[in-house]
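*Asks:* Handing you this structure, nothing more for now.
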Amino acid sequence: MRLEIISASDFLVQLLRLQQGQLSEAQLQMFKHSLQEVLRRRYTDHWFPDKPNRGSGYRCIRINGKMDPVIAQAGINVGLGPGMLHSLFPSELTMWIDPAEVSYRIGENGSICVLFEGCGEELSSGSESFDEPMPKVAPQFLHQTSHSSQQANFESCKDSLLLEHTQFSEQIAAFVSS
């Protein structure tokens with residue numbers, strides 16, 4: 001659960017960071033730690049590595065016409081209002097945080113992109129600390145999946161982001177390419 005939550009929070013903070021000048025680095029880091037803690041608490045009894053799809057709806061983060069309550073709570077914990085956060089994220093964002101996989105979609109018809117694919121090993125939840133140094137786990141943007149086809153390519157994921165969200169085009173292109 002630790003790596004999945006770190007992958008998701010890193011990505012969400014990077015989306016906020018793309019809105020240059022809106023939040024300080026200190027605010028971003030406080031939000032990231034708050035989000036990790038909110039997610040860890042929320043998922044504690046809803047994490048099933050042997051059945052990763054079980055509870056996936058509960059672990060889904062969704063921003064559309066309104067702010068997802070998990071992200072809102074993480075922001076409130078550090079003094080960032082839900083309305084302000086909602087204005088900084090893409091207007092349509094869905095993220096699935098499941099055992100051994102974290103994926104997202106920007107836009108209702110965007111491609112589903114995989115941020116993290118684990119090897120299926122479960123970390124002991126009792127000793128996990130989000131403040132400990134850990135090996136760098138790069139988001140795996142080169143692996144991408146969709147409901148209709150498991151063999152979609154990287155370019156369609158990137159292109160989908162760029163077409164759906166022109167206000168993020170340069171920043172997303174740089175982030176997805178890294």
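Order determines the names: the first chain of the structure tokens is A, the second B, and so forth; residues in each chain are numbered 1 upward, and ligands are numbered 1 upward as they are shown.
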Within 10 Å of stretch 42-47 of chain A, counting only C-alpha atoms, which residues show up once you throw out same-chain ones fewer than 2 positions away? Write them as a list in words, please.
*Replies:*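 Neighbouring residues, sequence-local ones excluded: Met1, Ile5, Gln36, Glu37, Val38, Leu39, Arg40, Pro49, Asp50, Lys51, Pro52, Asn53, Arg54, Gly55, Ser56, Tyr58, Arg59, Val70, Ile97, Asp98, Pro99 and Ser125 of chain A.
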*Asks:* Report, in Å to a single decimal, how far apart atom CA of A:Pro90 and atom CA of A:Leu15 are.
*Replies:* 8.2 Å
*Asks:* So, counting only C-alpha atoms, which residue among A:Ser103, A:Gln19, A:Asn64, A:Thr94 is closest to A:Ser7?
*Replies:*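 Result for the nearest residue to A:Ser7: A:Ser103.
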*Asks:* Tell me, as a list of chain:residue names, which residues lie within 10 Å of A:Ile76, counting only C-alpha atoms; anything in the same chain fewer than 5 positions away does not count.
*Replies:* A:Phe31, A:Ser34, A:Val70, A:Ile71, A:Gly81, A:Pro82, A:Leu85
*Asks:* Could you tell me which of A:Ile112, A:Leu12, A:Leu23, A:Met30 comes closest to A:Ile63 if we count only C-alpha atoms?
*Replies:* A:Leu12
*Asks:* Report, in Å to a single decimal, how far apart atom CA of A:Gly65 and atom CA of A:Ser91 are.
*Replies:* 7.2 Å
*Asks:* Using only C-alpha atoms, which of A:Gln73, A:Val13, A:Met95, A:Leu18 sits nearest A:Lys32?
*Replies:*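 Looking only at the distances to A:Lys32, the closest residue turns out to be A:Val13.
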*Asks:* Set the distance at 9 Å and use only C-alpha atoms: which residues neighbour A:Val102 once local chain neighbours fewer than 6 positions away are removed? I'd like the list as a tab-separated table (two decimals) with all heavy atoms, in the first residue's frame.
*Replies:*
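Written out: selection_27.tsv:
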chain	number	residue	atom	x	y	z
A	4	GLU	N	2.02	2.43	-3.55
A	4	GLU	CA	0.88	2.89	-4.33
A	4	GLU	C	0.45	4.28	-3.89
A	4	GLU	O	0.19	5.16	-4.71
A	4	GLU	CB	-0.29	1.90	-4.21
A	4	GLU	CG	-0.06	0.57	-4.90
A	4	GLU	CD	0.62	-0.49	-4.02
A	4	GLU	OE1	1.26	-0.13	-3.00
A	4	GLU	OE2	0.51	-1.69	-4.35
A	5	ILE	N	0.39	4.50	-2.58
A	5	ILE	CA	-0.01	5.81	-2.05
A	5	ILE	C	1.03	6.87	-2.38
A	5	ILE	O	0.68	7.99	-2.76
A	5	ILE	CB	-0.29	5.71	-0.54
A	5	ILE	CG1	-1.58	4.92	-0.31
A	5	ILE	CG2	-0.37	7.10	0.09
A	5	ILE	CD1	-1.89	4.63	1.15
A	7	SER	N	3.08	6.85	-4.95
A	7	SER	CA	2.97	7.11	-6.38
A	7	SER	C	1.81	8.05	-6.68
A	7	SER	O	1.95	9.02	-7.44
A	7	SER	CB	2.80	5.78	-7.13
A	7	SER	OG	2.63	6.00	-8.50
A	8	ALA	N	0.65	7.77	-6.09
A	8	ALA	CA	-0.54	8.61	-6.31
A	8	ALA	C	-0.33	10.02	-5.80
A	8	ALA	O	-0.63	11.00	-6.49
A	8	ALA	CB	-1.76	7.98	-5.63
A	95	MET	N	-8.64	8.73	-10.57
A	95	MET	CA	-7.45	7.98	-10.21
A	95	MET	C	-7.89	6.73	-9.46
A	95	MET	O	-8.73	6.80	-8.56
A	95	MET	CB	-6.52	8.83	-9.34
A	95	MET	CG	-5.29	8.08	-8.87
A	95	MET	SD	-4.15	9.16	-7.97
A	95	MET	CE	-3.22	9.78	-9.35
A	96	TRP	N	-7.31	5.60	-9.85
A	96	TRP	CA	-7.58	4.34	-9.18
A	96	TRP	C	-6.32	3.91	-8.45
A	96	TRP	O	-5.26	3.77	-9.06
A	96	TRP	CB	-7.98	3.26	-10.18
A	96	TRP	CG	-9.22	3.59	-10.93
A	96	TRP	CD1	-10.51	3.28	-10.56
A	96	TRP	CD2	-9.33	4.27	-12.19
A	96	TRP	NE1	-11.39	3.75	-11.51
A	96	TRP	CE2	-10.70	4.35	-12.52
A	96	TRP	CE3	-8.40	4.83	-13.07
A	96	TRP	CZ2	-11.15	4.96	-13.68
A	96	TRP	CZ3	-8.85	5.44	-14.23
A	96	TRP	CH2	-10.22	5.50	-14.52
A	113	CYS	N	-3.97	5.81	-18.01
A	113	CYS	CA	-2.52	5.70	-17.95
A	113	CYS	C	-2.10	5.10	-16.62
A	113	CYS	O	-2.61	5.49	-15.57
A	113	CYS	CB	-1.87	7.08	-18.12
A	113	CYS	SG	-2.37	7.90	-19.64
A	114	VAL	N	-1.15	4.19	-16.65
A	114	VAL	CA	-0.67	3.54	-15.44
A	114	VAL	C	0.52	4.33	-14.90
A	114	VAL	O	1.49	4.57	-15.61
A	114	VAL	CB	-0.28	2.08	-15.72
A	114	VAL	CG1	0.33	1.43	-14.49
A	114	VAL	CG2	-1.49	1.29	-16.17
A	115	LEU	N	0.42	4.73	-13.64
A	115	LEU	CA	1.51	5.42	-12.96
A	115	LEU	C	2.47	4.45	-12.30
A	115	LEU	O	3.66	4.71	-12.22
A	115	LEU	CB	0.95	6.33	-11.85
A	115	LEU	CG	0.20	7.56	-12.26
A	115	LEU	CD1	-0.43	8.20	-11.04
A	115	LEU	CD2	1.14	8.53	-12.94
A	116	PHE	N	1.93	3.39	-11.76
A	116	PHE	CA	2.72	2.46	-10.97
A	116	PHE	C	2.20	1.05	-11.19
A	116	PHE	O	0.99	0.82	-11.15
A	116	PHE	CB	2.62	2.82	-9.48
A	116	PHE	CG	3.23	1.80	-8.55
A	116	PHE	CD1	4.58	1.82	-8.29
A	116	PHE	CD2	2.44	0.83	-7.95
A	116	PHE	CE1	5.14	0.88	-7.44
A	116	PHE	CE2	2.99	-0.11	-7.11
A	116	PHE	CZ	4.35	-0.08	-6.85
A	117	GLU	N	3.12	0.13	-11.43
A	117	GLU	CA	2.79	-1.29	-11.46
A	117	GLU	C	3.76	-1.98	-10.53
A	117	GLU	O	4.97	-1.92	-10.73
A	117	GLU	CB	2.92	-1.87	-12.87
A	117	GLU	CG	1.76	-1.58	-13.76
A	117	GLU	CD	1.88	-2.28	-15.09
A	117	GLU	OE1	2.97	-2.26	-15.69
A	117	GLU	OE2	0.88	-2.84	-15.54
A	118	GLY	N	3.21	-2.62	-9.51
A	118	GLY	CA	4.06	-3.32	-8.55
A	118	GLY	C	4.25	-4.76	-8.97
A	118	GLY	O	3.64	-5.26	-9.90
*Asks:* Please compute the atom CA of A:Phe89-atom CA of A:Leu16 distance, one decimal, in Å.
*Replies:* 6.5 Å
*Asks:* Taking only C-alpha atoms into account, name the residue in A:Gly21, A:Leu28, A:Met67, A:Ala74 that is nearest to A:Ser87.
*Replies:*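 Smallest distance to A:Ser87 is found for A:Met67.
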